[in-house]
Structure formats: C-alpha cells, structure tokens
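What follows is the content of work.txt (compact mmCIF, C-alpha atoms).
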# COMPACT_ATOMS: atom_id res chain seq x y z
CA MET J 739 -35.91 9.53 14.30
CA PHE J 740 -35.32 10.34 17.96
CA GLU J 741 -38.20 12.82 18.11
CA ALA J 742 -40.49 9.99 17.02
CA VAL J 743 -39.04 7.76 19.74
CA GLU J 744 -39.75 10.37 22.42
CA GLU J 745 -43.40 10.37 21.34
CA LEU J 746 -43.49 6.58 21.53
CA LEU J 747 -42.04 6.73 25.06
CA VAL J 748 -44.90 9.01 26.12
CA GLU J 749 -47.40 6.60 24.55
CA HIS J 750 -45.72 3.64 26.27
CA ALA J 751 -45.93 5.34 29.68
CA ASP J 752 -49.59 6.22 29.09
CA LEU J 753 -50.41 2.62 28.14
CA GLU J 754 -48.66 1.38 31.28
CA LYS J 755 -50.90 3.59 33.44
CA ARG J 756 -54.06 2.56 31.60
CA LEU J 757 -53.28 -1.16 31.84
CA ALA J 758 -52.73 -0.76 35.58
CA ASP J 759 -56.31 0.52 35.91
CA PRO J 760 -58.62 -2.45 36.75
CA SER J 761 -61.58 -0.79 35.04
CA VAL J 762 -59.81 -1.02 31.68
CA HIS J 763 -59.92 -4.81 31.86
CA ALA J 764 -63.71 -4.82 32.03
CA ASP J 765 -63.54 -4.55 28.24
CA GLN J 766 -61.37 -7.56 27.41
CA ALA J 767 -61.15 -6.79 23.69
CA ASN J 768 -59.89 -3.26 24.35
CA ALA J 769 -57.51 -4.50 27.06
CA ARG J 770 -55.96 -7.00 24.63
CA LYS J 771 -55.56 -4.26 22.04
CA LEU J 772 -53.80 -1.99 24.56
CA ALA J 773 -51.61 -4.85 25.82
CA LYS J 774 -50.59 -5.71 22.26
CA ARG J 775 -49.55 -2.12 21.56
CA TYR J 776 -47.71 -1.96 24.88
CA ALA J 777 -45.77 -5.10 23.96
CA GLU J 778 -44.84 -3.58 20.59
CA LEU J 779 -43.47 -0.42 22.19
CA THR J 780 -41.60 -2.09 25.07
CA PRO J 781 -38.53 -3.17 23.02
CA ILE J 782 -38.26 0.33 21.52
CA THR J 783 -38.44 1.89 24.99
CA ARG J 784 -35.80 -0.50 26.36
CA VAL J 785 -33.32 0.02 23.52
CA TYR J 786 -33.77 3.79 23.52
CA ARG J 787 -33.02 3.96 27.24
CA GLU J 788 -29.92 1.85 26.69
CA TRP J 789 -28.94 4.19 23.82
CA ARG J 790 -29.24 7.26 26.05
CA GLN J 791 -27.24 5.54 28.81
CA ALA J 792 -24.53 4.67 26.28
CA GLY J 793 -24.31 8.37 25.38
CA GLU J 794 -23.82 9.27 29.03
CA ASP J 795 -21.16 6.56 29.33
CA ILE J 796 -19.29 8.04 26.34
CA GLU J 797 -19.23 11.50 27.90
CA ALA J 798 -18.02 10.14 31.24
CA ALA J 799 -15.31 8.04 29.58
CA ARG J 800 -14.10 11.03 27.52
CA GLU J 801 -13.74 13.15 30.66
CA LEU J 802 -11.70 10.40 32.32
CA ALA J 803 -9.63 9.85 29.15
CA ALA J 804 -8.68 13.54 29.16
CA GLU J 805 -6.83 12.90 32.40
CA ASP J 806 -5.83 9.25 31.91
CA PRO J 807 -5.16 7.79 28.39
CA GLU J 808 -6.02 4.32 29.64
CA PHE J 809 -9.71 5.27 29.40
CA ILE J 810 -9.47 5.83 25.61
CA ALA J 811 -10.29 2.16 25.04
CA GLU J 812 -13.43 2.54 27.16
CA VAL J 813 -14.50 5.49 25.00
CA LYS J 814 -14.17 3.38 21.85
CA ASP J 815 -16.11 0.49 23.42
CA SER J 816 -18.94 2.81 24.47
CA GLU J 817 -19.06 4.43 21.02
CA ALA J 818 -19.21 1.00 19.34
CA ARG J 819 -22.02 -0.05 21.70
CA ARG J 820 -23.97 3.09 20.89
CA GLU J 821 -23.63 2.44 17.16
CA GLU J 822 -25.04 -1.06 17.69
CA LEU J 823 -27.97 0.35 19.66
CA THR J 824 -28.59 3.00 16.98
CA GLU J 825 -28.87 0.30 14.32
CA GLU J 826 -31.09 -1.84 16.55
CA LEU J 827 -33.35 1.14 17.18
CA ARG J 828 -33.62 1.90 13.46
CA LEU J 829 -34.73 -1.68 12.81
CA LEU J 830 -37.31 -1.52 15.61
CA LEU J 831 -38.78 1.63 14.07
CA VAL J 832 -39.26 0.05 10.63
CA PRO J 833 -43.04 -0.26 10.06
CA ARG J 834 -44.24 -3.77 10.96
CA ASP J 835 -46.48 -5.97 8.89
CA PRO J 836 -49.92 -5.55 10.53
CA SER J 837 -50.58 -9.27 10.01
CA ASP J 838 -47.42 -10.42 11.85
CA ASP J 839 -49.34 -11.57 14.92
CA LYS J 840 -51.87 -13.60 12.95
CA ASP J 841 -52.10 -17.37 12.76
CA VAL J 842 -51.83 -18.90 9.29
CA ILE J 843 -53.23 -21.50 6.96
CA LEU J 844 -50.38 -23.25 5.18
CA GLU J 845 -51.14 -25.22 2.01
CA ILE J 846 -48.78 -27.60 0.24
CA LYS J 847 -49.48 -28.85 -3.27
CA ALA J 848 -47.57 -31.43 -5.26
CA GLY J 849 -46.26 -30.06 -8.55
CA GLU J 850 -44.34 -31.52 -11.47
CA GLY J 851 -42.82 -34.88 -10.72
CA GLY J 852 -45.86 -37.10 -10.14
CA GLU J 853 -45.66 -39.42 -7.16
CA GLU J 854 -42.19 -38.17 -6.21
CA SER J 855 -43.56 -34.64 -5.92
CA ALA J 856 -46.38 -35.88 -3.68
CA LEU J 857 -43.84 -37.64 -1.44
CA PHE J 858 -41.83 -34.42 -1.23
CA ALA J 859 -44.99 -32.52 -0.31
CA GLY J 860 -45.35 -35.00 2.56
CA ASP J 861 -41.76 -34.30 3.60
CA LEU J 862 -42.46 -30.56 3.64
CA LEU J 863 -45.58 -31.11 5.74
CA ARG J 864 -43.61 -33.07 8.32
CA MET J 865 -40.92 -30.38 8.31
CA TYR J 866 -43.46 -27.66 9.11
CA LEU J 867 -45.23 -29.77 11.72
CA ARG J 868 -41.91 -30.46 13.47
CA PHE J 869 -40.91 -26.78 13.26
CA ALA J 870 -44.25 -25.78 14.78
CA GLU J 871 -43.77 -28.35 17.54
CA ARG J 872 -40.27 -27.05 18.30
CA THR J 873 -41.55 -23.46 18.33
CA GLY J 874 -44.46 -24.26 20.63
CA TRP J 875 -47.22 -23.67 18.08
CA LYS J 876 -50.38 -25.72 17.62
CA THR J 877 -51.22 -27.37 14.30
CA GLU J 878 -54.43 -28.74 12.82
CA ILE J 879 -54.71 -30.49 9.45
CA ILE J 880 -57.81 -29.01 7.85
CA ASP J 881 -57.90 -30.91 4.58
CA SER J 882 -55.71 -33.43 2.79
CA ASN J 883 -55.61 -35.50 -0.37
CA GLU J 884 -53.14 -38.36 -0.06
CA SER J 885 -51.30 -40.06 -2.91
CA ASP J 886 -50.98 -43.80 -3.51
CA LEU J 887 -47.51 -44.07 -1.89
CA GLY J 888 -48.30 -42.06 1.23
CA GLY J 889 -47.45 -38.58 0.03
CA TYR J 890 -49.85 -35.69 -0.45
CA LYS J 891 -51.34 -34.32 -3.63
CA ASP J 892 -52.39 -31.36 -1.49
CA VAL J 893 -52.79 -30.65 2.20
CA SER J 894 -53.92 -27.65 4.25
CA VAL J 895 -52.85 -27.13 7.86
CA ALA J 896 -53.74 -24.37 10.34
CA VAL J 897 -50.80 -23.18 12.46
CA LYS J 898 -51.61 -21.25 15.63
CA THR J 899 -49.59 -19.65 18.37
CA LYS J 900 -50.23 -20.46 22.03
CA GLY J 901 -51.08 -17.29 23.92
CA ASN J 902 -49.62 -13.92 22.88
CA ALA J 903 -46.50 -14.06 20.75
CA GLU J 904 -43.71 -11.52 21.24
CA PRO J 905 -43.47 -8.84 18.52
CA GLY J 906 -41.97 -10.37 15.39
CA GLN J 907 -42.39 -13.92 16.68
CA GLY J 908 -45.96 -14.59 15.53
CA VAL J 909 -46.78 -17.42 13.14
CA TRP J 910 -47.29 -15.18 10.09
CA ALA J 911 -44.17 -13.14 10.98
CA ARG J 912 -42.06 -16.29 10.63
CA LEU J 913 -43.87 -18.44 8.06
CA LYS J 914 -44.87 -15.78 5.52
CA TYR J 915 -41.52 -16.27 3.75
CA GLU J 916 -42.30 -19.92 2.97
CA GLY J 917 -44.73 -19.17 0.13
CA GLY J 918 -43.41 -20.22 -3.27
CA VAL J 919 -42.03 -23.21 -5.16
CA HIS J 920 -39.77 -25.59 -3.23
CA ARG J 921 -37.52 -27.75 -5.43
CA VAL J 922 -36.05 -31.10 -4.44
CA GLN J 923 -33.12 -32.98 -6.00
CA ARG J 924 -32.80 -36.63 -4.96
CA VAL J 925 -33.10 -40.24 -6.06
CA PRO J 926 -36.84 -41.00 -5.93
CA ALA J 927 -38.17 -44.10 -4.20
CA THR J 928 -39.63 -45.09 -7.58
CA GLU J 929 -36.25 -44.81 -9.39
CA SER J 930 -34.61 -48.17 -10.06
CA GLN J 931 -31.47 -46.85 -11.80
CA GLY J 932 -30.32 -44.60 -8.95
CA ARG J 933 -30.60 -41.43 -11.00
CA ILE J 934 -31.16 -38.06 -9.34
CA HIS J 935 -34.46 -36.43 -10.28
CA THR J 936 -35.70 -32.88 -9.78
CA SER J 937 -39.28 -32.22 -8.76
CA ALA J 938 -41.14 -29.52 -6.89
CA ALA J 939 -44.00 -28.72 -4.57
CA GLY J 940 -45.76 -25.40 -4.04
CA VAL J 941 -46.38 -23.80 -0.65
CA LEU J 942 -49.03 -21.14 -0.06
CA VAL J 943 -49.14 -19.33 3.29
CA THR J 944 -52.00 -16.97 4.16
CA PRO J 945 -52.83 -15.21 7.43
CA GLU J 946 -55.96 -16.76 8.89
CA ALA J 947 -58.75 -14.22 8.64
CA GLU J 948 -61.35 -13.52 11.28
CA GLU J 949 -64.95 -13.39 10.10
CA VAL J 950 -65.08 -9.63 10.69
CA GLU J 951 -62.10 -9.00 8.42
CA VAL J 952 -63.61 -10.38 5.22
CA GLU J 953 -67.17 -9.74 4.13
CA ILE J 954 -68.58 -12.73 2.25
CA LEU J 955 -72.10 -12.49 0.89
CA ALA J 956 -74.14 -15.71 0.71
CA ASN J 957 -75.24 -14.87 -2.84
CA ASP J 958 -71.57 -14.73 -3.90
CA LEU J 959 -70.99 -18.39 -3.01
CA ARG J 960 -71.60 -21.59 -4.93
CA ILE J 961 -71.48 -24.61 -2.64
CA ASP J 962 -71.05 -28.08 -4.15
CA VAL J 963 -71.09 -31.34 -2.19
CA TYR J 964 -69.54 -34.62 -3.24
CA ARG J 965 -68.23 -37.87 -1.82
CA SER J 966 -64.82 -37.89 -0.16
CA SER J 967 -62.10 -39.83 -1.95
CA GLY J 968 -58.86 -41.45 -0.76
CA PRO J 969 -55.62 -42.50 -2.47
CA GLY J 970 -56.14 -43.67 -6.01
CA GLY J 971 -59.53 -41.97 -6.18
CA GLN J 972 -61.29 -44.63 -4.14
CA SER J 973 -64.37 -43.49 -2.25
CA VAL J 974 -63.98 -43.40 1.51
CA ASN J 975 -67.45 -42.08 2.29
CA THR J 976 -70.86 -43.25 1.18
CA THR J 977 -72.48 -39.83 1.77
CA ASP J 978 -71.95 -36.48 0.10
CA SER J 979 -70.00 -34.96 3.00
CA ALA J 980 -67.14 -33.29 1.11
CA VAL J 981 -67.68 -29.59 0.35
CA ARG J 982 -66.33 -27.30 -2.35
CA ILE J 983 -67.05 -23.55 -2.06
CA THR J 984 -66.52 -21.16 -4.98
CA HIS J 985 -66.44 -17.40 -4.43
CA LEU J 986 -68.09 -16.28 -7.66
CA PRO J 987 -66.78 -12.67 -7.86
CA THR J 988 -63.14 -13.76 -7.63
CA GLY J 989 -63.26 -17.40 -8.74
CA ILE J 990 -61.36 -18.45 -5.58
CA VAL J 991 -62.17 -22.03 -4.56
CA ALA J 992 -61.77 -23.81 -1.22
CA SER J 993 -62.69 -27.39 -0.40
CA CYS J 994 -62.57 -29.81 2.49
CA GLN J 995 -63.27 -33.53 2.82
CA ASN J 996 -61.45 -34.51 6.01
CA GLU J 997 -64.32 -34.16 8.47
CA LYS J 998 -67.12 -36.70 8.86
CA SER J 999 -70.01 -34.29 8.47
CA GLN J 1000 -70.91 -31.92 5.66
CA LEU J 1001 -71.36 -29.07 8.16
CA GLN J 1002 -67.86 -29.50 9.59
CA ASN J 1003 -66.33 -29.64 6.12
CA LYS J 1004 -68.21 -26.47 5.17
CA GLU J 1005 -66.87 -24.65 8.23
CA GLN J 1006 -63.29 -25.70 7.46
CA ALA J 1007 -63.64 -24.75 3.79
CA MET J 1008 -64.92 -21.32 4.84
CA ARG J 1009 -61.82 -20.84 7.02
CA ILE J 1010 -59.62 -21.49 4.00
CA LEU J 1011 -61.76 -19.27 1.76
CA ARG J 1012 -61.66 -16.34 4.19
CA SER J 1013 -57.88 -16.54 4.41
CA ARG J 1014 -57.47 -16.73 0.64
CA LEU J 1015 -59.75 -13.73 0.12
CA LEU J 1016 -57.85 -11.73 2.74
CA ALA J 1017 -54.55 -12.64 1.09
CA ALA J 1018 -55.90 -11.64 -2.33
CA ALA J 1019 -57.02 -8.27 -0.96
CA GLN J 1020 -53.65 -7.67 0.68
CA GLU J 1021 -51.76 -8.60 -2.49
CA GLU J 1022 -53.90 -6.20 -4.50
CA ALA J 1023 -53.00 -3.46 -2.03
CA GLU J 1024 -49.31 -4.38 -2.38
CA ARG J 1025 -49.51 -4.14 -6.15
CA GLU J 1026 -50.96 -0.66 -5.85
CA ALA J 1027 -48.35 0.43 -3.30
CA SER J 1028 -45.02 1.98 -4.23
CA ASP J 1029 -41.99 -0.25 -4.75
CA ALA J 1030 -40.44 1.06 -1.55
CA ARG J 1031 -43.29 -0.43 0.48
CA ARG J 1032 -43.14 -3.85 -1.10
CA SER J 1033 -41.20 -6.63 0.54
CA GLN J 1034 -37.90 -7.21 -1.23
CA VAL J 1035 -37.94 -10.85 -0.16
CA ARG J 1036 -41.49 -12.17 -0.29
CA THR J 1037 -42.68 -11.78 -3.84
CA VAL J 1038 -46.34 -11.61 -4.79
CA ASP J 1039 -45.61 -14.07 -7.60
CA ARG J 1040 -45.89 -17.35 -5.71
CA SER J 1041 -44.68 -19.34 -8.71
CA GLU J 1042 -41.12 -18.19 -8.03
CA ARG J 1043 -38.71 -20.94 -7.00
CA ILE J 1044 -37.54 -19.94 -3.57
CA ARG J 1045 -35.56 -22.89 -2.23
CA THR J 1046 -33.74 -26.05 -3.27
CA TYR J 1047 -33.36 -29.20 -1.13
CA ASN J 1048 -30.41 -31.22 -2.44
CA TYR J 1049 -30.33 -34.67 -0.82
CA PRO J 1050 -27.04 -36.03 -2.26
CA GLU J 1051 -25.12 -33.03 -0.84
CA ASN J 1052 -27.32 -32.70 2.28
CA ARG J 1053 -27.64 -29.05 1.21
CA ILE J 1054 -30.41 -26.48 1.48
CA SER J 1055 -30.25 -23.22 -0.50
CA ASP J 1056 -32.54 -20.21 -0.32
CA HIS J 1057 -32.38 -18.42 -3.67
CA ARG J 1058 -33.76 -15.10 -2.37
CA THR J 1059 -31.21 -14.47 0.38
CA GLY J 1060 -28.24 -16.59 -0.70
CA PHE J 1061 -28.49 -18.65 2.49
CA LYS J 1062 -26.86 -22.07 2.18
CA SER J 1063 -26.12 -24.81 4.71
CA TYR J 1064 -25.28 -28.51 4.69
CA ASN J 1065 -27.66 -29.77 7.35
CA LEU J 1066 -30.66 -30.64 5.19
CA ASP J 1067 -31.49 -33.64 7.34
CA GLN J 1068 -31.83 -31.39 10.40
CA VAL J 1069 -33.86 -28.80 8.49
CA LEU J 1070 -36.32 -31.45 7.34
CA ASP J 1071 -36.61 -32.46 10.99
CA GLY J 1072 -37.86 -28.96 11.81
CA GLU J 1073 -34.62 -26.99 12.31
CA LEU J 1074 -35.87 -24.13 10.14
CA THR J 1075 -34.92 -21.21 12.36
CA ALA J 1076 -31.69 -20.20 10.59
CA VAL J 1077 -33.28 -20.48 7.14
CA ILE J 1078 -36.25 -18.31 8.09
CA GLN J 1079 -34.05 -15.83 9.96
CA SER J 1080 -32.08 -15.18 6.78
CA CYS J 1081 -35.34 -14.07 5.16
CA VAL J 1082 -36.36 -11.97 8.17
CA ASP J 1083 -32.98 -10.20 8.17
CA ALA J 1084 -33.00 -9.57 4.42
CA ASP J 1085 -36.55 -8.24 4.56
CA ALA J 1086 -35.73 -5.92 7.49
CA ALA J 1087 -32.60 -4.61 5.74
CA ALA J 1088 -34.58 -3.88 2.57
CA LYS J 1089 -37.33 -2.07 4.50
CA LEU J 1090 -34.74 -0.07 6.43
CA ALA J 1091 -33.02 0.97 3.20
CA ALA J 1092 -36.38 2.01 1.72
CA ALA J 1093 -37.26 4.00 4.87
CA GLN J 1094 -33.90 5.84 4.77
CA GLN J 1095 -34.44 6.77 1.11
CA ASN J 1096 -37.76 8.35 2.04

File written out as structure tokens:
Amino acid sequence: MFEAVEELLVEHADLEKRLADPSVHADQANARKLAKRYAELTPITRVYREWRQAGEDIEAARELAAEDPEFIAEVKDSEARREELTEELRLLLVPRDPSDDKDVILEIKAGEGGEESALFAGDLLRMYLRFAERTGWKTEIIDSNESDLGGYKDVSVAVKTKGNAEPGQGVWARLKYEGGVHRVQRVPATESQGRIHTSAAGVLVTPEAEEVEVEILANDLRIDVYRSSGPGGQSVNTTDSAVRITHLPTGIVASCQNEKSQLQNKEQAMRILRSRLLAAAQEEAEREASDARRSQVRTVDRSERIRTYNYPENRISDHRTGFKSYNLDQVLDGELTAVIQSCVDADAAAKLAAAQQN
C-alpha cells in the first residue's frame, strides 16, 4: 500500500509543478483535468505525511519512555493516532467512482397509493430541493406532471454543483444512494377515518451525461410531439410543444412538456435521454464486473425498497445500512446529511473489505 502512496506523492509533486506553469493554462480543458487530479491526490498526500510524522513521534516517545515512564502514555497516544491515519489512508486509496464529480438528473415518480403517493413524491422533491439549497447546489426542474391535489405524478430535476466540488463531495457522490423505492407511512390528507396508510414513490438518480460521453444516432430516435397537459389531464397548451423521444435500440423513453417551445422541450428531453443511456451502459458494465467491484449498498435493482418515512413516530429508517433516527421532520426539510453519510460509510467499508480480499 505504501509503495503505491510514494508513487502518488511523486505524481502530486509533478502536477504541482505543471499547474504552476502559466503555459499549461493556455489549454483550459487540460488544466481543469490536471487540477482535478491534483485535488484528488492532495488528501492522500496530506494524510500520508501525517502518518509518517506520527511514526517519528512514536520513535521519539519510545526513546523518552525508556528513561522516563511518564512518556509511556504519549507512546500509546501516538500509536493510536497512527492507527487512525492508517485506516484513513486505506479509505482514501479505495478506487473512486469515476462519476462522483458529475451533476445528476433526479427523477421522482409516484407509485402505488394514488393521490397520496403523488403528494409524497412532492414531499420528496421539496426535501431534495432543500438539501441542495443547504449544500450550495443549483437545481432546475426539467419536467413535471402534477396531480390534482398539488403532488407530482412524476418530476425530473437537474442538480448541479457550483464550481469544483471537493473529492467525494460532488452531486453524484452524495445523491447516487437515493435511487430506489421510498416508502411512507402516515395518515393521508384524503383519509377521513384517521387510519395510517402505506404508499411509495420511486426515485431514479443518474449522472448527467455530456454529449461526448454518449453517442446517439439520429436514425435511432423516434420523436413524437403532443400537447402539454396539466392536473387532471387538462390541456395547458394549444400547440404541440411537448416532446417524447424514444431510443429505438434500447426502448428508453424521455419526455418533456415544461418549456414553452418544442425546441426547448426537445433539448431537455435529450438531456434526460443521454443520462439514462449513460446509466444503462454503466449498469451493464457493473453486471459484467465481479461481485467485489459492485457496490454493496447501491443495488442495480432500483425496485428495492431502500427507506421508510414513518410520520406517526417521526422516524426515518434506511433499510440498507440500518440507519434510524427520529427527526423525520428535519430530514424532510433537507437535513439529509446523516442519512446519506451512513450510505457513504457503508459503501466505503464494503469496498475496503473487497480491496483487502484481493
């Protein structure tokens, strides 16, 4: 492990010299690529230097303890600190998801439960919008289909970071664990007897693809136009501005009706389609990969129930990690950090265990 770190230190020093050269920045794309790699290696370099310093501190403390027993406690403290740094370094060396720095398209769809499910989908949307706001991300609703009571039958929102995110703090790095079925237990607004009902909504999160990442041939697309509709199916547009795009080889469909013009709706639908095709390609690669390389937390099967929101007990439970807390009201107001961190930690632990087996 430490031989690999020494090589990364050499690479980090080389990148530092190259980024200090003004001529490198003449090619902005290459400069961004180098800066991104430099940022990835910086935490490893910092922790490794601290790890080496801790080793020197242990040796110095042992020499002093040989003459004065009072320094034995300092030896133990230094050894404990070095163990912590060793574990931190191991985690930093676990291979990162190459999509971690990407922005995402997050889709929420009402499931079983009728109008109550649509209302819950609206609650999830507000939760993610508030979380993005708290985190300093930008959001843009690309497409939406509202229900009669103000919920959402389905809604798609783009979530973007502002500037360059720190390693592991990108939008995909945090939100990729949200894909799956979210279950709610509460008394619906439509329930007159006060009985608790269970319904669900599905969340799909895909890294937003750049045009160069996914090749889409014009002959592989079927583009249909139709009139936009609002709650209850009522028409809200007298022209055929809504667009539905079908990728014929895969059968993947993307649509948009939020924008006023057909051209704008087509552009937004293509954004969704590119991201879905990229996600499909990545999932196919995951299926072909060995079990050790698959995430132990984020399953490919998006139909899996991942979380329960229990209103009567003000409880939220994540079924993948065992996380449970009784601050559901705060979570729905965007306090998602602890919930997501439980997934990040479980995923990192599983990857570390797989790496040690290999």

Which of these, J:Thr944, J:Val832, J:Gly918, J:Glu788, has the shortest distance to Ala742 of chain J once you count all atoms listed in the file?
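The shortest atom-to-atom distance to Ala742 of chain J comes from J:Val832.
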
Taking a cut-off of 12 Å and counting only C-alpha atoms, can you build a table that, for each residue of segment 828-848 of chain J near segment 862-875 of chain J, reports the nearest atom pair and how far apart they are in Å (one decimal), sorted by chain then residue number, as a tab-separated table?
residue	atom	partner	partner_atom	distance
J:Asp841	CA	J:Trp875	CA	9.6
J:Val842	CA	J:Trp875	CA	11.0
J:Ile843	CA	J:Tyr866	CA	11.7
J:Leu844	CA	J:Tyr866	CA	9.1
J:Glu845	CA	J:Leu863	CA	8.9
J:Ile846	CA	J:Leu863	CA	7.3
J:Lys847	CA	J:Leu862	CA	10.0
J:Ala848	CA	J:Leu862	CA	10.3

Axis-aligned box over every listed atom of segment 1043-1057 of chain J, padded by 6 Å per side: centre and edges in Å to one decimal, as lines of an AutoDock Vina configuration file?
center_x = -31.9
center_y = -27.2
center_z = -2.4
size_x = 25.6
size_y = 29.6
size_z = 21.3

In terms of the shortest atom-to-atom distance over all atoms listed in the file, which of J:Pro1050, J:Thr780, J:Gln1000, J:Lys891 is closest to Leu753 of chain J?
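Distance minimum relative to Leu753 of chain J lands on J:Thr780.
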
Atomic separation - atom CA of Glu1021 of chain J relative to atom CA of Ile990 of chain J, Å
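Taking atom CA of Ile990 of chain J and atom CA of Glu1021 of chain J, their separation equals 14.1 Å.
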
Residue neighbourhood segment 919-935 of chain J, 6 Å, all atoms listed in the file, exclusion window fewer than 4 positions, as a ChimeraX atom specification
/J:939-940,1041-1049

Choose the residue, out of J:Val1077, J:Arg982, J:Val813, J:Ala856, that has the smallest atom-to-atom separation from Glu884 of chain J; count only C-alpha atoms.
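Of J:Val1077, J:Arg982, J:Val813, J:Ala856, the one nearest Glu884 of chain J, counting only C-alpha atoms, is J:Ala856.
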
Quick check, in Å to one decimal: how far apart do atom CA of Ala911 of chain J and atom CA of Lys1062 of chain J lie?
21.4 Å

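Our summary of the geometry notes that atom CA of Glu1073 of chain J is positioned 18.2 Å from atom CA of Lys898 of chain J.
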
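Nearest to Arg828 of chain J of all the residues J:Tyr890, J:Trp910, J:Phe1061, J:Trp789 is J:Trp789, counting all atoms listed in the file.
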
All residues 10 Å or closer to segment 984-986 of chain J, all atoms listed in the file, same chain fewer than 6 positions away omitted, as a ChimeraX atom specification
/J:954-962,992-993,1007-1008,1011-1012,1015

Please work out which residues fall within 12 Å of (-51.2, -1.7, 15.6), coordinates as given in the file, with all atoms listed in the file counting, and return them as a ChimeraX atom specification.
/J:770-779,833-839,905

Go ahead and save the residues from that selection, with C-alpha atoms, as a CSV table (one decimal), in the frame of the given file.
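out.csv written:
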chain,number,residue,atom,x,y,z
J,770,ARG,CA,-56.0,-7.0,24.6
J,771,LYS,CA,-55.6,-4.3,22.0
J,772,LEU,CA,-53.8,-2.0,24.6
J,773,ALA,CA,-51.6,-4.8,25.8
J,774,LYS,CA,-50.6,-5.7,22.3
J,775,ARG,CA,-49.6,-2.1,21.6
J,776,TYR,CA,-47.7,-2.0,24.9
J,777,ALA,CA,-45.8,-5.1,24.0
J,778,GLU,CA,-44.8,-3.6,20.6
J,779,LEU,CA,-43.5,-0.4,22.2
J,833,PRO,CA,-43.0,-0.3,10.1
J,834,ARG,CA,-44.2,-3.8,11.0
J,835,ASP,CA,-46.5,-6.0,8.9
J,836,PRO,CA,-49.9,-5.6,10.5
J,837,SER,CA,-50.6,-9.3,10.0
J,838,ASP,CA,-47.4,-10.4,11.8
J,839,ASP,CA,-49.3,-11.6,14.9
J,905,PRO,CA,-43.5,-8.8,18.5

With only C-alpha atoms as the atoms that count, which of J:Ala804, J:Leu857, J:Leu823, J:Ala1092 lies nearest to Ala792 of chain J?
J:Leu823

Pick from J:Glu801, J:Ala980, J:Gly901, J:Gln907: nearest to Ser882 of chain J, with only C-alpha atoms counted?
J:Ala980

Residues within 12 Å of Arg787 of chain J, please, as a list in words. Count all atoms listed in the file; anything in the same chain fewer than 6 positions from it doesn't count.
Phe740, Val743, Glu744, Leu747, Thr780, Pro781, Gly793, Glu794, Arg820, Leu823, Thr824 and Leu827 of chain J

Output as a PDB file, keeping the file's coordinate frame: segment 904-924 of chain J, completed with N, CA and C atoms.
ATOM      1  N   GLU J 904     -44.487 -12.749  21.163  1.00  0.00           N
ATOM      2  CA  GLU J 904     -43.710 -11.520  21.240  1.00  0.00           C
ATOM      3  C   GLU J 904     -43.675 -10.865  19.867  1.00  0.00           C
ATOM      4  N   PRO J 905     -43.522  -9.529  19.810  1.00  0.00           N
ATOM      5  CA  PRO J 905     -43.470  -8.840  18.520  1.00  0.00           C
ATOM      6  C   PRO J 905     -42.429  -9.469  17.586  1.00  0.00           C
ATOM      7  N   GLY J 906     -42.862  -9.771  16.364  1.00  0.00           N
ATOM      8  CA  GLY J 906     -41.970 -10.370  15.390  1.00  0.00           C
ATOM      9  C   GLY J 906     -41.831 -11.875  15.496  1.00  0.00           C
ATOM     10  N   GLN J 907     -42.499 -12.483  16.487  1.00  0.00           N
ATOM     11  CA  GLN J 907     -42.390 -13.920  16.680  1.00  0.00           C
ATOM     12  C   GLN J 907     -43.705 -14.653  16.411  1.00  0.00           C
ATOM     13  N   GLY J 908     -44.685 -13.958  15.854  1.00  0.00           N
ATOM     14  CA  GLY J 908     -45.960 -14.590  15.530  1.00  0.00           C
ATOM     15  C   GLY J 908     -45.810 -15.583  14.399  1.00  0.00           C
ATOM     16  N   VAL J 909     -46.847 -16.374  14.172  1.00  0.00           N
ATOM     17  CA  VAL J 909     -46.780 -17.420  13.140  1.00  0.00           C
ATOM     18  C   VAL J 909     -46.603 -16.807  11.755  1.00  0.00           C
ATOM     19  N   TRP J 910     -47.414 -15.801  11.412  1.00  0.00           N
ATOM     20  CA  TRP J 910     -47.290 -15.180  10.090  1.00  0.00           C
ATOM     21  C   TRP J 910     -45.934 -14.476   9.949  1.00  0.00           C
ATOM     22  N   ALA J 911     -45.463 -13.854  11.030  1.00  0.00           N
ATOM     23  CA  ALA J 911     -44.170 -13.140  10.980  1.00  0.00           C
ATOM     24  C   ALA J 911     -43.042 -14.067  10.586  1.00  0.00           C
ATOM     25  N   ARG J 912     -43.131 -15.340  10.922  1.00  0.00           N
ATOM     26  CA  ARG J 912     -42.060 -16.290  10.630  1.00  0.00           C
ATOM     27  C   ARG J 912     -42.334 -17.105   9.357  1.00  0.00           C
ATOM     28  N   LEU J 913     -43.578 -17.513   9.164  1.00  0.00           N
ATOM     29  CA  LEU J 913     -43.870 -18.440   8.060  1.00  0.00           C
ATOM     30  C   LEU J 913     -44.242 -17.758   6.753  1.00  0.00           C
ATOM     31  N   LYS J 914     -44.434 -16.440   6.751  1.00  0.00           N
ATOM     32  CA  LYS J 914     -44.870 -15.780   5.520  1.00  0.00           C
ATOM     33  C   LYS J 914     -43.828 -15.887   4.408  1.00  0.00           C
ATOM     34  N   TYR J 915     -42.581 -16.157   4.765  1.00  0.00           N
ATOM     35  CA  TYR J 915     -41.520 -16.270   3.750  1.00  0.00           C
ATOM     36  C   TYR J 915     -41.490 -17.638   3.076  1.00  0.00           C
ATOM     37  N   GLU J 916     -42.339 -18.563   3.515  1.00  0.00           N
ATOM     38  CA  GLU J 916     -42.300 -19.920   2.970  1.00  0.00           C
ATOM     39  C   GLU J 916     -43.114 -20.082   1.692  1.00  0.00           C
ATOM     40  N   GLY J 917     -43.902 -19.070   1.330  1.00  0.00           N
ATOM     41  CA  GLY J 917     -44.730 -19.170   0.130  1.00  0.00           C
ATOM     42  C   GLY J 917     -43.897 -19.176  -1.137  1.00  0.00           C
ATOM     43  N   GLY J 918     -44.126 -20.143  -2.007  1.00  0.00           N
ATOM     44  CA  GLY J 918     -43.410 -20.220  -3.270  1.00  0.00           C
ATOM     45  C   GLY J 918     -43.168 -21.667  -3.660  1.00  0.00           C
ATOM     46  N   VAL J 919     -42.336 -21.863  -4.666  1.00  0.00           N
ATOM     47  CA  VAL J 919     -42.030 -23.210  -5.160  1.00  0.00           C
ATOM     48  C   VAL J 919     -40.777 -23.744  -4.479  1.00  0.00           C
ATOM     49  N   HIS J 920     -40.884 -24.920  -3.884  1.00  0.00           N
ATOM     50  CA  HIS J 920     -39.770 -25.590  -3.230  1.00  0.00           C
ATOM     51  C   HIS J 920     -39.307 -26.743  -4.129  1.00  0.00           C
ATOM     52  N   ARG J 921     -38.042 -26.741  -4.489  1.00  0.00           N
ATOM     53  CA  ARG J 921     -37.520 -27.750  -5.430  1.00  0.00           C
ATOM     54  C   ARG J 921     -36.670 -28.772  -4.687  1.00  0.00           C
ATOM     55  N   VAL J 922     -36.821 -30.032  -5.061  1.00  0.00           N
ATOM     56  CA  VAL J 922     -36.050 -31.100  -4.440  1.00  0.00           C
ATOM     57  C   VAL J 922     -35.230 -31.832  -5.497  1.00  0.00           C
ATOM     58  N   GLN J 923     -33.996 -32.189  -5.139  1.00  0.00           N
ATOM     59  CA  GLN J 923     -33.120 -32.980  -6.000  1.00  0.00           C
ATOM     60  C   GLN J 923     -32.687 -34.217  -5.206  1.00  0.00           C
ATOM     61  N   ARG J 924     -33.127 -35.388  -5.661  1.00  0.00           N
ATOM     62  CA  ARG J 924     -32.800 -36.630  -4.960  1.00  0.00           C
ATOM     63  C   ARG J 924     -33.133 -37.819  -5.834  1.00  0.00           C
TER      64      ARG J 924
END
